[in-house]
file start07.csv (CSV, C-alpha atoms)
chain,number,residue,atom,x,y,z
A,1,MET,CA,66.3,133.3,8.9
A,2,ASN,CA,67.3,130.6,6.6
A,3,ASN,CA,68.2,127.0,7.5
A,4,LYS,CA,71.9,127.8,7.9
A,5,HIS,CA,71.1,130.5,10.5
A,6,MET,CA,68.8,128.1,12.3
A,7,ALA,CA,71.5,125.4,12.3
A,8,CYS,CA,74.1,127.8,13.7
A,9,THR,CA,71.7,129.0,16.4
A,10,VAL,CA,70.9,125.4,17.4
A,11,LEU,CA,74.6,124.4,17.5
A,12,GLY,CA,75.5,127.5,19.4
A,13,MET,CA,72.8,126.8,22.0
A,14,ALA,CA,73.9,123.2,22.2
A,15,ILE,CA,77.5,124.3,22.9
A,16,ILE,CA,76.4,126.8,25.5
A,17,GLY,CA,74.1,124.2,27.1
A,18,MET,CA,76.9,121.7,27.3
A,19,ALA,CA,79.2,124.3,28.8
A,20,TYR,CA,76.6,125.2,31.3
A,21,ALA,CA,75.9,121.6,32.3
A,22,THR,CA,79.6,120.9,32.6
A,23,MET,CA,80.1,124.0,34.8
A,24,GLY,CA,77.1,122.9,37.0
A,25,PHE,CA,78.6,119.5,37.4
A,26,HIS,CA,82.0,121.1,38.2
A,27,ASN,CA,80.3,123.2,40.9
A,28,LYS,CA,78.7,120.1,42.4
A,29,LEU,CA,82.1,118.5,42.5
A,30,LYS,CA,83.6,121.6,44.2
A,31,LEU,CA,80.8,121.4,46.8
A,32,ALA,CA,81.5,117.7,47.3
A,33,LYS,CA,85.2,118.5,47.7
A,34,GLY,CA,84.4,121.1,50.2
A,35,ASP,CA,82.2,118.6,52.2
A,36,GLU,CA,85.1,116.1,52.0
A,37,LEU,CA,87.5,118.7,53.4
A,38,LEU,CA,85.0,119.5,56.2
A,39,ALA,CA,84.7,115.9,57.1
A,40,LYS,CA,88.5,115.5,57.1
A,41,THR,CA,88.7,118.6,59.4
A,42,ALA,CA,86.1,117.1,61.7
A,43,TYR,CA,88.1,113.8,61.7
A,44,ASP,CA,91.3,115.8,62.5
A,45,SER,CA,89.7,117.6,65.4
A,46,ALA,CA,88.1,114.3,66.6
A,47,VAL,CA,91.6,112.7,66.6
A,48,PHE,CA,93.0,115.7,68.4
A,49,GLY,CA,90.2,115.6,71.0
A,50,CYS,CA,90.6,111.8,71.4
A,51,ASN,CA,94.4,112.1,71.9
A,52,ALA,CA,93.9,114.9,74.5
A,53,GLN,CA,91.4,112.7,76.4
A,54,GLN,CA,93.7,109.7,76.1
A,55,ARG,CA,96.6,111.8,77.5
A,56,SER,CA,94.5,113.1,80.4
A,57,PHE,CA,93.3,109.5,81.1
A,58,ILE,CA,96.8,108.2,81.3
A,59,ILE,CA,97.9,111.1,83.5
A,60,LEU,CA,94.9,110.6,85.8
A,61,ARG,CA,95.4,106.8,85.9
A,62,GLU,CA,99.1,107.3,86.9
A,63,LYS,CA,98.2,110.0,89.4
A,64,THR,CA,95.6,108.0,91.1
A,65,LYS,CA,97.4,104.6,90.9
A,66,ALA,CA,98.5,104.6,94.6
A,67,ILE,CA,95.1,105.6,96.0
A,68,ARG,CA,93.3,103.1,93.8
A,69,GLU,CA,95.6,100.4,94.9
A,70,TYR,CA,94.8,101.5,98.5
A,71,LEU,CA,91.1,101.1,97.7
A,72,ALA,CA,91.7,97.7,96.2
A,73,GLN,CA,93.4,96.6,99.4
A,74,TRP,CA,90.7,97.9,101.6
A,75,GLU,CA,87.5,97.2,99.6
A,76,PRO,CA,87.4,93.5,100.6
A,77,HIS,CA,87.5,94.5,104.3
A,78,LEU,CA,84.8,97.1,103.8
A,79,LYS,CA,82.6,94.6,101.9
A,80,GLN,CA,83.1,92.1,104.7
A,81,THR,CA,79.7,93.2,106.1
A,82,ARG,CA,77.2,93.5,103.3
A,83,ASN,CA,74.2,94.2,105.5
A,84,PRO,CA,73.5,95.1,109.1
A,85,GLN,CA,72.3,91.5,109.9
A,86,PHE,CA,75.6,90.1,108.7
A,87,GLY,CA,77.6,92.6,110.8
A,88,GLU,CA,75.6,91.8,113.9
A,89,ALA,CA,76.1,88.1,113.3
A,90,LEU,CA,79.8,88.6,112.9
A,91,ILE,CA,80.2,90.5,116.2
A,92,ASN,CA,78.0,88.0,118.0
A,93,LEU,CA,80.2,85.2,116.6
A,94,ARG,CA,83.3,86.9,117.9
A,95,ILE,CA,81.7,87.2,121.4
A,96,LYS,CA,80.7,83.5,121.4
A,97,GLN,CA,84.1,82.4,120.2
A,98,GLU,CA,85.9,84.1,123.0
A,99,ASP,CA,83.1,83.3,125.5
A,100,ILE,CA,83.4,86.8,127.0
A,101,ILE,CA,80.9,87.9,129.6
A,102,THR,CA,78.6,90.4,128.0
A,103,LEU,CA,76.5,92.7,130.2
A,104,SER,CA,74.6,94.3,127.5
A,105,GLN,CA,74.6,94.7,123.7
A,106,GLY,CA,72.6,96.7,121.3
A,107,PHE,CA,72.7,97.2,117.6
A,108,GLU,CA,71.5,100.1,115.5
A,109,THR,CA,71.8,101.0,111.8
A,110,VAL,CA,72.9,104.6,111.4
A,111,GLU,CA,72.9,106.7,108.3
A,112,GLN,CA,76.5,107.8,107.7
A,113,ASP,CA,77.0,109.7,104.5
A,114,LYS,CA,74.2,109.8,101.9
A,115,GLY,CA,75.6,109.4,98.5
A,116,GLY,CA,79.1,108.6,99.9
A,117,THR,CA,80.9,105.3,99.8
A,118,ILE,CA,79.9,104.3,103.3
A,119,GLU,CA,76.2,105.2,103.3
A,120,LYS,CA,75.4,103.6,106.6
A,121,THR,CA,77.0,101.9,109.5
A,122,LEU,CA,75.9,99.3,112.1
A,123,GLN,CA,76.5,100.8,115.5
A,124,ALA,CA,77.1,98.2,118.2
A,125,ARG,CA,76.9,99.2,121.8
A,126,LEU,CA,78.6,96.5,123.9
A,127,VAL,CA,79.3,96.3,127.6
A,128,PHE,CA,81.6,93.5,128.9
A,129,GLU,CA,83.0,92.6,132.2
A,130,ASP,CA,85.6,89.9,132.3
A,131,ASP,CA,89.3,89.3,132.9
A,132,TYR,CA,91.5,92.2,131.9
A,133,ILE,CA,93.7,90.2,129.5
A,134,LYS,CA,90.8,88.3,128.0
A,135,THR,CA,88.8,91.5,127.4
A,136,LEU,CA,91.6,93.4,125.8
A,137,ASN,CA,92.6,90.4,123.7
A,138,TRP,CA,89.0,90.1,122.5
A,139,LEU,CA,89.1,93.8,121.4
A,140,ALA,CA,92.4,93.2,119.6
A,141,ASN,CA,91.0,90.1,117.9
A,142,LEU,CA,87.8,92.1,116.9
A,143,GLU,CA,89.9,94.9,115.4
A,144,GLY,CA,92.2,92.5,113.7
A,145,SER,CA,89.6,90.3,112.2
A,146,MET,CA,87.4,93.2,111.1
A,147,PRO,CA,90.0,95.9,110.1
A,148,ALA,CA,87.4,98.3,108.7
A,149,ILE,CA,85.4,98.7,111.9
A,150,ARG,CA,85.8,101.9,113.9
A,151,VAL,CA,85.8,101.8,117.7
A,152,SER,CA,84.1,105.1,118.4
A,153,SER,CA,84.4,104.9,122.1
A,154,CYS,CA,86.1,102.7,124.6
A,155,ARG,CA,85.7,103.1,128.4
A,156,LEU,CA,87.6,101.0,130.7
A,157,SER,CA,86.9,100.8,134.4
A,158,LYS,CA,87.5,98.5,137.3
A,159,GLY,CA,85.4,95.4,137.4
A,160,GLN,CA,83.6,94.0,140.4
A,161,SER,CA,86.2,91.4,141.2
A,162,GLY,CA,90.0,91.0,141.2
A,163,ASN,CA,91.5,91.2,137.8
A,164,ASP,CA,88.2,92.0,136.0
A,165,ILE,CA,87.6,95.1,134.0
A,166,LYS,CA,84.4,96.6,132.6
A,167,MET,CA,84.7,97.6,129.0
A,168,GLU,CA,82.0,99.8,127.3
A,169,LEU,CA,82.4,99.9,123.6
A,170,THR,CA,80.8,101.6,120.7
A,171,VAL,CA,81.7,100.0,117.5
A,172,ASP,CA,80.8,101.3,114.0
A,173,VAL,CA,80.7,98.6,111.3
A,174,PRO,CA,80.7,100.1,107.8
A,175,ILE,CA,77.9,98.6,105.6
A,176,VAL,CA,79.0,98.7,102.0
A,177,GLU,CA,76.6,96.9,99.7
A,178,ASP,CA,77.9,95.5,96.4
A,179,ALA,CA,77.0,97.5,93.3
A,180,GLU,CA,75.6,94.3,91.9
A,181,ASN,CA,73.4,93.7,94.9
A,182,SER,CA,72.1,97.3,94.8
A,183,GLU,CA,71.3,97.0,91.1
A,184,SER,CA,69.5,93.8,91.6
A,185,LYS,CA,67.5,95.4,94.3
A,186,THR,CA,66.5,98.4,92.2
B,1,MET,CA,53.7,116.7,-20.5
B,2,GLU,CA,57.4,117.0,-20.5
B,3,ASN,CA,57.2,120.1,-22.6
B,4,HIS,CA,54.7,121.7,-20.3
B,5,LEU,CA,57.0,121.3,-17.3
B,6,GLN,CA,59.9,122.7,-19.2
B,7,SER,CA,57.9,125.8,-20.0
B,8,CYS,CA,56.9,126.4,-16.3
B,9,HIS,CA,60.5,126.1,-15.3
B,10,ASP,CA,61.4,128.7,-17.8
B,11,LEU,CA,58.9,131.1,-16.2
B,12,LYS,CA,60.8,131.0,-12.8
B,13,THR,CA,63.4,133.8,-12.8
B,14,ASP,CA,66.5,134.0,-10.6
B,15,ARG,CA,65.9,135.7,-7.2
B,16,PRO,CA,68.4,137.6,-5.0
B,17,ASP,CA,69.2,136.2,-1.5
B,18,ILE,CA,66.8,137.4,1.2
B,19,GLY,CA,69.2,137.6,4.2
B,20,GLN,CA,72.9,138.5,4.6
B,21,PRO,CA,75.2,135.6,4.0
B,22,LEU,CA,76.7,134.0,7.3
B,23,PRO,CA,80.2,135.1,8.3
B,24,GLY,CA,82.9,132.7,7.2
B,25,ILE,CA,84.0,132.1,10.8
B,26,LEU,CA,80.8,130.3,11.5
B,27,ALA,CA,82.0,127.5,9.2
B,28,LEU,CA,84.1,126.5,12.3
B,29,LEU,CA,80.9,126.1,14.4
B,30,PRO,CA,80.3,122.4,13.6
B,31,ILE,CA,83.9,121.7,14.5
B,32,VAL,CA,83.6,123.6,17.7
B,33,PHE,CA,80.4,121.7,18.4
B,34,VAL,CA,82.1,118.3,17.9
B,35,PHE,CA,85.0,119.4,20.2
B,36,SER,CA,82.5,120.6,22.7
B,37,VAL,CA,80.6,117.3,22.7
B,38,ILE,CA,83.9,115.4,23.1
B,39,ALA,CA,85.1,117.8,25.9
B,40,ALA,CA,81.7,117.7,27.7
B,41,ILE,CA,81.7,114.0,27.7
B,42,ALA,CA,85.3,113.7,28.8
B,43,LEU,CA,85.0,116.4,31.5
B,44,ASN,CA,81.7,115.2,32.9
B,45,THR,CA,83.0,111.6,33.0
B,46,LEU,CA,86.1,112.9,34.9
B,47,PHE,CA,83.9,115.0,37.2
B,48,PHE,CA,81.6,112.0,37.8
B,49,PHE,CA,84.4,109.8,39.0
B,50,GLN,CA,85.9,112.6,41.1
B,51,LEU,CA,82.5,113.3,42.6
B,52,ARG,CA,82.0,109.6,43.4
B,53,ASN,CA,85.5,109.4,44.9
B,54,SER,CA,84.9,112.5,46.9
B,55,GLU,CA,81.6,111.3,48.3
B,56,GLN,CA,83.2,107.9,49.2
B,57,ALA,CA,86.0,109.7,50.9
B,58,LYS,CA,83.5,111.9,52.8
B,59,GLU,CA,81.7,108.9,54.0
B,60,GLU,CA,84.9,107.3,55.1
B,61,TRP,CA,85.9,110.4,57.0
B,62,LYS,CA,82.5,110.5,58.6
B,63,LEU,CA,82.9,106.8,59.6
B,64,LYS,CA,86.3,107.6,61.0
B,65,VAL,CA,84.9,110.6,62.9
B,66,ALA,CA,82.2,108.3,64.4
B,67,GLU,CA,84.9,105.8,65.4
B,68,GLU,CA,87.0,108.5,67.0
B,69,SER,CA,83.9,109.8,68.8
B,70,ALA,CA,83.0,106.4,70.1
B,71,LYS,CA,86.6,105.9,71.3
B,72,GLN,CA,86.5,109.3,72.9
B,73,LYS,CA,83.3,108.4,74.7
B,74,GLU,CA,84.9,105.2,75.9
B,75,ILE,CA,87.9,107.1,77.3
B,76,VAL,CA,85.6,109.7,79.0
B,77,ALA,CA,83.6,106.8,80.6
B,78,MET,CA,86.9,105.3,81.8
B,79,ILE,CA,88.0,108.7,83.2
B,80,GLU,CA,84.7,109.0,85.0
B,81,LEU,CA,85.2,105.5,86.3
B,82,ILE,CA,88.7,106.4,87.6
B,83,LYS,CA,87.4,109.6,89.2
B,84,ASP,CA,84.6,107.7,90.9
B,85,GLU,CA,87.2,105.1,92.1
B,86,GLU,CA,89.4,108.0,93.4
B,87,ARG,CA,86.4,109.5,95.2
B,88,ARG,CA,85.6,106.2,96.8
B,89,ALA,CA,89.3,105.7,97.7
B,90,ASN,CA,89.3,109.1,99.4
B,91,ASP,CA,86.2,108.2,101.3
B,92,VAL,CA,87.7,104.9,102.4
B,93,ARG,CA,91.0,106.5,103.3
B,94,ASP,CA,89.1,109.1,105.5
B,95,TRP,CA,87.2,106.2,107.2
B,96,VAL,CA,90.3,104.1,107.7
B,97,GLU,CA,92.4,107.0,109.1
B,98,GLY,CA,89.6,107.6,111.5
B,99,SER,CA,89.5,104.0,112.5
B,100,ARG,CA,93.0,103.3,113.9
B,101,GLN,CA,93.0,100.5,116.4
B,102,MET,CA,92.2,101.5,119.9
B,103,GLN,CA,93.3,98.4,121.7
B,104,PRO,CA,97.1,99.1,121.4
B,105,LEU,CA,96.5,102.5,122.9
B,106,ALA,CA,94.5,101.1,125.8
B,107,VAL,CA,97.0,98.4,126.4
B,108,SER,CA,100.0,100.7,126.2
B,109,ILE,CA,98.4,103.1,128.7
B,110,ALA,CA,97.6,100.1,131.0
B,111,ARG,CA,101.1,98.7,130.7
B,112,SER,CA,102.7,102.1,131.4
B,113,MET,CA,101.3,102.0,134.9
B,114,ASP,CA,103.8,101.4,137.7
B,115,VAL,CA,103.2,98.6,140.2
B,116,LYS,CA,102.1,101.1,142.8
B,117,SER,CA,99.7,103.0,140.4
B,118,SER,CA,96.4,101.8,139.1
B,119,ILE,CA,93.9,103.1,136.5
B,120,ALA,CA,90.6,104.0,138.0
B,121,GLU,CA,89.0,104.9,134.7
B,122,LEU,CA,90.2,105.2,131.1
B,123,SER,CA,88.1,106.6,128.3
B,124,LEU,CA,89.0,106.8,124.6
B,125,LEU,CA,86.4,108.7,122.5
B,126,ARG,CA,86.7,109.6,118.9
B,127,ASP,CA,85.6,113.0,117.9
B,128,SER,CA,82.4,112.7,115.9
B,129,GLU,CA,83.3,115.5,113.6
B,130,ASN,CA,86.9,114.5,113.2
B,131,PRO,CA,87.4,110.8,114.0
B,132,LYS,CA,91.1,111.0,113.5
B,133,GLN,CA,91.3,112.7,116.8
B,134,ILE,CA,90.8,110.8,120.0
B,135,LYS,CA,89.7,112.3,123.3
B,136,LEU,CA,91.7,110.7,126.0
B,137,GLY,CA,90.7,110.8,129.6
B,138,PHE,CA,92.0,108.8,132.5
B,139,LYS,CA,92.2,108.8,136.2
B,140,PHE,CA,94.8,107.0,138.1
B,141,ASP,CA,95.7,106.5,141.8
B,142,ASN,CA,99.3,107.1,143.0
B,143,GLY,CA,102.2,108.0,140.9
B,144,GLY,CA,101.5,111.6,140.2
B,145,GLN,CA,103.4,113.5,137.6
B,146,LYS,CA,106.1,110.8,137.1
B,147,GLN,CA,103.4,108.3,136.3
B,148,LEU,CA,101.7,110.7,133.9
B,149,ASP,CA,105.0,111.3,132.1
B,150,ALA,CA,105.6,107.6,131.7
B,151,THR,CA,102.0,107.1,130.4
B,152,LEU,CA,102.3,109.9,127.9
B,153,GLU,CA,105.6,108.6,126.7
B,154,ALA,CA,104.0,105.3,126.0
B,155,VAL,CA,101.2,107.0,124.1
B,156,ASN,CA,103.8,109.0,122.2
B,157,ALA,CA,105.7,105.9,121.2
B,158,LEU,CA,102.6,104.7,119.4
B,159,GLY,CA,102.7,107.8,117.2
B,160,TYR,CA,100.1,110.0,118.9
B,161,ARG,CA,100.7,113.6,119.9
B,162,SER,CA,98.5,115.2,122.5
B,163,TYR,CA,97.2,118.7,122.6
B,164,SER,CA,94.7,120.7,124.7
B,165,ALA,CA,95.8,118.7,127.7
B,166,ASN,CA,94.2,119.3,131.0
B,167,GLN,CA,95.2,117.7,134.3
B,168,THR,CA,93.9,117.9,137.8
B,169,ALA,CA,96.0,116.5,140.6
B,170,GLY,CA,94.2,114.9,143.5
B,171,LYS,CA,95.1,113.5,146.9
B,172,GLU,CA,97.9,111.0,147.4
B,173,GLY,CA,99.3,111.2,143.9
B,174,SER,CA,96.0,110.6,142.1
B,175,LEU,CA,95.6,112.4,138.8
B,176,ASP,CA,92.8,113.2,136.4
B,177,TYR,CA,94.0,113.8,132.8
B,178,GLN,CA,92.3,114.8,129.6
B,179,ALA,CA,93.8,115.5,126.2
B,180,THR,CA,93.1,115.2,122.5
B,181,LEU,CA,95.3,112.8,120.7
B,182,ILE,CA,96.3,113.3,117.1
B,183,TRP,CA,97.9,110.6,115.0
B,184,GLN,CA,101.3,111.4,113.6
B,185,ASN,CA,103.4,109.4,111.1
B,186,SER,CA,105.1,106.8,113.1
B,187,ASN,CA,108.2,107.3,111.0
B,188,LYS,CA,108.6,110.8,112.4
B,189,GLU,CA,110.7,111.3,115.4
B,190,SER,CA,108.4,111.1,118.4
B,191,LEU,CA,107.8,114.2,120.3
B,192,ASN,CA,108.3,114.4,124.0
B,193,LEU,CA,104.8,114.6,125.4
B,194,THR,CA,104.5,115.8,128.9
B,195,ALA,CA,101.8,117.3,130.9
B,196,THR,CA,103.5,120.7,130.5
B,197,ASP,CA,101.9,120.8,127.0
B,198,GLU,CA,99.1,122.9,128.1
call {"tool": "encode", "arguments": {"input": "start07.csv", "output": "structure tokens"}}
result
Amino acid sequence: MNNKHMACTVLGMAIIGMAYATMGFHNKLKLAKGDELLAKTAYDSAVFGCNAQQRSFIILREKTKAIREYLAQWEPHLKQTRNPQFGEALINLRIKQEDIITLSQGFETVEQDKGGTIEKTLQARLVFEDDYIKTLNWLANLEGSMPAIRVSSCRLSKGQSGNDIKMELTVDVPIVEDAENSESKT
Amino acid sequence: MENHLQSCHDLKTDRPDIGQPLPGILALLPIVFVFSVIAAIALNTLFFFQLRNSEQAKEEWKLKVAEESAKQKEIVAMIELIKDEERRANDVRDWVEGSRQMQPLAVSIARSMDVKSSIAELSLLRDSENPKQIKLGFKFDNGGQKQLDATLEAVNALGYRSYSANQTAGKEGSLDYQATLIWQNSNKESLNLTATDE
């Protein structure tokens, strides 16, 4: 092999080497383009998914608008009594304000619905004996001033004198603690 | 000295070539090499920029995917919030519908009494399983069926409908009546409630 052969071999190898390197680089570019396409496809599906969620969100929001407005109207009344002590104090205040004759009263906290919105209630057992109009007006005022309360039972019977009636009431006061309060407690 | 060298040179005879001469086409090899170098540089430069752009684009797409995912998570959280609000609203509605005021009912029953009649006992108890239903029970003296009809009409006017009614007539027009009251939409035409419901 003379020098010319050697030179041709070297040049040939150099040309092949360059072609090989260029092809390698091209393959790398193809892979990168493939990755780019994958990323674009992922973006398209993410946009599609996001739009679908957005649509269902809007539909749900419109569908529940009325009931959520209902909740917004009632929530302040439900949160009127944040704890049993407060509820007890409110009922006692109503009794004192009207100066109604109370024969007996008892309060008890009752578990209502674990995990529900109204988890517990304050159950008040009250017995009054007073003038018919005064007693029923007191009940009206109580139900009016605390709209969220539930009168579970109401028994009316004749009182001991003239126009008096005896009223035995069981009142359930919902206790709804604020989320902020619950969090601060935990 | 010069003469001596001249004589040595004269001793060297011409020699034939050892290998075959290279084909003529290989004369183009240097030109092909030059073109290859130029093409390799040009192509690799082009590929390099394309690769860089592609990687940049990929990163941008990934960033956008992350943004969309974050947005989607936010929407999902809002959906959960609305669902939770709806659940609470339904709980509250159930509570409120089972907490209709009782005082108007008691008053309307009391007011429906005729001058000659009087209530001996009146009880309004909510069903513990279904608080929307109220168990009504009352006893009155004098008046009989006519008084009962008047009382039930008053109850009906408030939007309640009675069922499972049970009545026991006593002496001198006294009557003991029990029924379950169900709230009806007040906009609906009121039903005629009588003791003959049973």
call {"tool": "residues_around", "arguments": {"input": "start07.csv", "residues": "stretch 159-172 of chain A", "least_positions_apart": "5", "cutoff": "7 Å", "atoms": "all atoms listed in the file", "output": "PDB file with C-alpha atoms, in the coordinates of the input"}}
result
ATOM      1  CA  THR A 121      77.000 101.900 109.500  1.00  0.00           C
ATOM      2  CA  LEU A 122      75.900  99.300 112.100  1.00  0.00           C
ATOM      3  CA  GLN A 123      76.500 100.800 115.500  1.00  0.00           C
ATOM      4  CA  ALA A 124      77.100  98.200 118.200  1.00  0.00           C
ATOM      5  CA  ARG A 125      76.900  99.200 121.800  1.00  0.00           C
ATOM      6  CA  LEU A 126      78.600  96.500 123.900  1.00  0.00           C
ATOM      7  CA  VAL A 127      79.300  96.300 127.600  1.00  0.00           C
ATOM      8  CA  PHE A 128      81.600  93.500 128.900  1.00  0.00           C
ATOM      9  CA  GLU A 129      83.000  92.600 132.200  1.00  0.00           C
ATOM     10  CA  ASP A 130      85.600  89.900 132.300  1.00  0.00           C
ATOM     11  CA  ASP A 131      89.300  89.300 132.900  1.00  0.00           C
ATOM     12  CA  TYR A 132      91.500  92.200 131.900  1.00  0.00           C
ATOM     13  CA  ILE A 149      85.400  98.700 111.900  1.00  0.00           C
ATOM     14  CA  ARG A 150      85.800 101.900 113.900  1.00  0.00           C
ATOM     15  CA  VAL A 151      85.800 101.800 117.700  1.00  0.00           C
ATOM     16  CA  SER A 152      84.100 105.100 118.400  1.00  0.00           C
ATOM     17  CA  SER A 153      84.400 104.900 122.100  1.00  0.00           C
ATOM     18  CA  CYS A 154      86.100 102.700 124.600  1.00  0.00           C
TER      19      CYS A 154
END
call {"tool": "interface_residues", "arguments": {"input": "start07.csv", "of": "chain A", "to": "chain B", "cutoff": "8 Å", "atoms": "all atoms listed in the file", "output": "mmCIF file with C-alpha atoms, in the frame of the given file"}}
result
data_model
loop_
_atom_site.group_PDB
_atom_site.id
_atom_site.type_symbol
_atom_site.label_atom_id
_atom_site.label_comp_id
_atom_site.auth_asym_id
_atom_site.auth_seq_id
_atom_site.Cartn_x
_atom_site.Cartn_y
_atom_site.Cartn_z
ATOM 1 C CA MET A 1 66.300 133.300 8.900
ATOM 2 C CA ASN A 2 67.300 130.600 6.600
ATOM 3 C CA LYS A 4 71.900 127.800 7.900
ATOM 4 C CA HIS A 5 71.100 130.500 10.500
ATOM 5 C CA CYS A 8 74.100 127.800 13.700
ATOM 6 C CA LEU A 11 74.600 124.400 17.500
ATOM 7 C CA GLY A 12 75.500 127.500 19.400
ATOM 8 C CA ALA A 14 73.900 123.200 22.200
ATOM 9 C CA ILE A 15 77.500 124.300 22.900
ATOM 10 C CA MET A 18 76.900 121.700 27.300
ATOM 11 C CA ALA A 19 79.200 124.300 28.800
ATOM 12 C CA THR A 22 79.600 120.900 32.600
ATOM 13 C CA PHE A 25 78.600 119.500 37.400
ATOM 14 C CA HIS A 26 82.000 121.100 38.200
ATOM 15 C CA LYS A 28 78.700 120.100 42.400
ATOM 16 C CA LEU A 29 82.100 118.500 42.500
ATOM 17 C CA ALA A 32 81.500 117.700 47.300
ATOM 18 C CA LYS A 33 85.200 118.500 47.700
ATOM 19 C CA ASP A 35 82.200 118.600 52.200
ATOM 20 C CA GLU A 36 85.100 116.100 52.000
ATOM 21 C CA LEU A 37 87.500 118.700 53.400
ATOM 22 C CA ALA A 39 84.700 115.900 57.100
ATOM 23 C CA LYS A 40 88.500 115.500 57.100
ATOM 24 C CA ALA A 42 86.100 117.100 61.700
ATOM 25 C CA TYR A 43 88.100 113.800 61.700
ATOM 26 C CA ALA A 46 88.100 114.300 66.600
ATOM 27 C CA VAL A 47 91.600 112.700 66.600
ATOM 28 C CA GLY A 49 90.200 115.600 71.000
ATOM 29 C CA CYS A 50 90.600 111.800 71.400
ATOM 30 C CA GLN A 53 91.400 112.700 76.400
ATOM 31 C CA GLN A 54 93.700 109.700 76.100
ATOM 32 C CA PHE A 57 93.300 109.500 81.100
ATOM 33 C CA LEU A 60 94.900 110.600 85.800
ATOM 34 C CA ARG A 61 95.400 106.800 85.900
ATOM 35 C CA THR A 64 95.600 108.000 91.100
ATOM 36 C CA ILE A 67 95.100 105.600 96.000
ATOM 37 C CA ARG A 68 93.300 103.100 93.800
ATOM 38 C CA TYR A 70 94.800 101.500 98.500
ATOM 39 C CA LEU A 71 91.100 101.100 97.700
ATOM 40 C CA TRP A 74 90.700 97.900 101.600
ATOM 41 C CA GLY A 116 79.100 108.600 99.900
ATOM 42 C CA THR A 117 80.900 105.300 99.800
ATOM 43 C CA ILE A 118 79.900 104.300 103.300
ATOM 44 C CA LEU A 136 91.600 93.400 125.800
ATOM 45 C CA LEU A 139 89.100 93.800 121.400
ATOM 46 C CA ALA A 140 92.400 93.200 119.600
ATOM 47 C CA GLU A 143 89.900 94.900 115.400
ATOM 48 C CA ALA A 148 87.400 98.300 108.700
ATOM 49 C CA ILE A 149 85.400 98.700 111.900
ATOM 50 C CA ARG A 150 85.800 101.900 113.900
ATOM 51 C CA VAL A 151 85.800 101.800 117.700
ATOM 52 C CA SER A 152 84.100 105.100 118.400
ATOM 53 C CA SER A 153 84.400 104.900 122.100
ATOM 54 C CA CYS A 154 86.100 102.700 124.600
ATOM 55 C CA ARG A 155 85.700 103.100 128.400
ATOM 56 C CA LEU A 156 87.600 101.000 130.700
ATOM 57 C CA SER A 157 86.900 100.800 134.400
ATOM 58 C CA LYS A 158 87.500 98.500 137.300
#
call {"tool": "atom_distance", "arguments": {"input": "start07.csv", "atom1": "atom CA of B:Ala77", "atom2": "atom CA of A:Glu62"}}
result
16.7 Å
call {"tool": "atom_distance", "arguments": {"input": "start07.csv", "atom1": "atom CA of B:Val155", "atom2": "atom CA of B:Glu172"}}
result
23.9 Å
call {"tool": "residues_around", "arguments": {"input": "start07.csv", "residues": "B:Gly170", "least_positions_apart": "6", "cutoff": "12 Å", "atoms": "only C-alpha atoms", "output": "list in words"}}
result
Lys139, Phe140, Asp141, Asn142, Gly143, Gly144, Gln145, Asp176 and Tyr177 of chain B
call {"tool": "write_last_selection", "arguments": {"input": "start07.csv", "atoms": "C-alpha atoms", "output": "PDB file, in the coordinates of the input"}}
result
ATOM      1  CA  LYS B 139      92.200 108.800 136.200  1.00  0.00           C
ATOM      2  CA  PHE B 140      94.800 107.000 138.100  1.00  0.00           C
ATOM      3  CA  ASP B 141      95.700 106.500 141.800  1.00  0.00           C
ATOM      4  CA  ASN B 142      99.300 107.100 143.000  1.00  0.00           C
ATOM      5  CA  GLY B 143     102.200 108.000 140.900  1.00  0.00           C
ATOM      6  CA  GLY B 144     101.500 111.600 140.200  1.00  0.00           C
ATOM      7  CA  GLN B 145     103.400 113.500 137.600  1.00  0.00           C
ATOM      8  CA  ASP B 176      92.800 113.200 136.400  1.00  0.00           C
ATOM      9  CA  TYR B 177      94.000 113.800 132.800  1.00  0.00           C
TER      10      TYR B 177
END
call {"tool": "atom_distance", "arguments": {"input": "start07.csv", "atom1": "atom CA of A:Gln97", "atom2": "atom CA of A:Trp138"}}
result
9.4 Å
call {"tool": "residues_around", "arguments": {"input": "start07.csv", "residues": "A:Phe86", "least_positions_apart": "4", "cutoff": "12 Å", "atoms": "all atoms listed in the file", "output": "mmCIF file with C-alpha atoms, in the frame of the given file"}}
result
data_model
loop_
_atom_site.group_PDB
_atom_site.id
_atom_site.type_symbol
_atom_site.label_atom_id
_atom_site.label_comp_id
_atom_site.auth_asym_id
_atom_site.auth_seq_id
_atom_site.Cartn_x
_atom_site.Cartn_y
_atom_site.Cartn_z
ATOM 1 C CA LYS A 79 82.600 94.600 101.900
ATOM 2 C CA GLN A 80 83.100 92.100 104.700
ATOM 3 C CA THR A 81 79.700 93.200 106.100
ATOM 4 C CA ARG A 82 77.200 93.500 103.300
ATOM 5 C CA LEU A 90 79.800 88.600 112.900
ATOM 6 C CA ILE A 91 80.200 90.500 116.200
ATOM 7 C CA ASN A 92 78.000 88.000 118.000
ATOM 8 C CA LEU A 93 80.200 85.200 116.600
ATOM 9 C CA PHE A 107 72.700 97.200 117.600
ATOM 10 C CA THR A 109 71.800 101.000 111.800
ATOM 11 C CA THR A 121 77.000 101.900 109.500
ATOM 12 C CA LEU A 122 75.900 99.300 112.100
ATOM 13 C CA VAL A 173 80.700 98.600 111.300
ATOM 14 C CA PRO A 174 80.700 100.100 107.800
ATOM 15 C CA ILE A 175 77.900 98.600 105.600
ATOM 16 C CA VAL A 176 79.000 98.700 102.000
ATOM 17 C CA GLU A 177 76.600 96.900 99.700
#
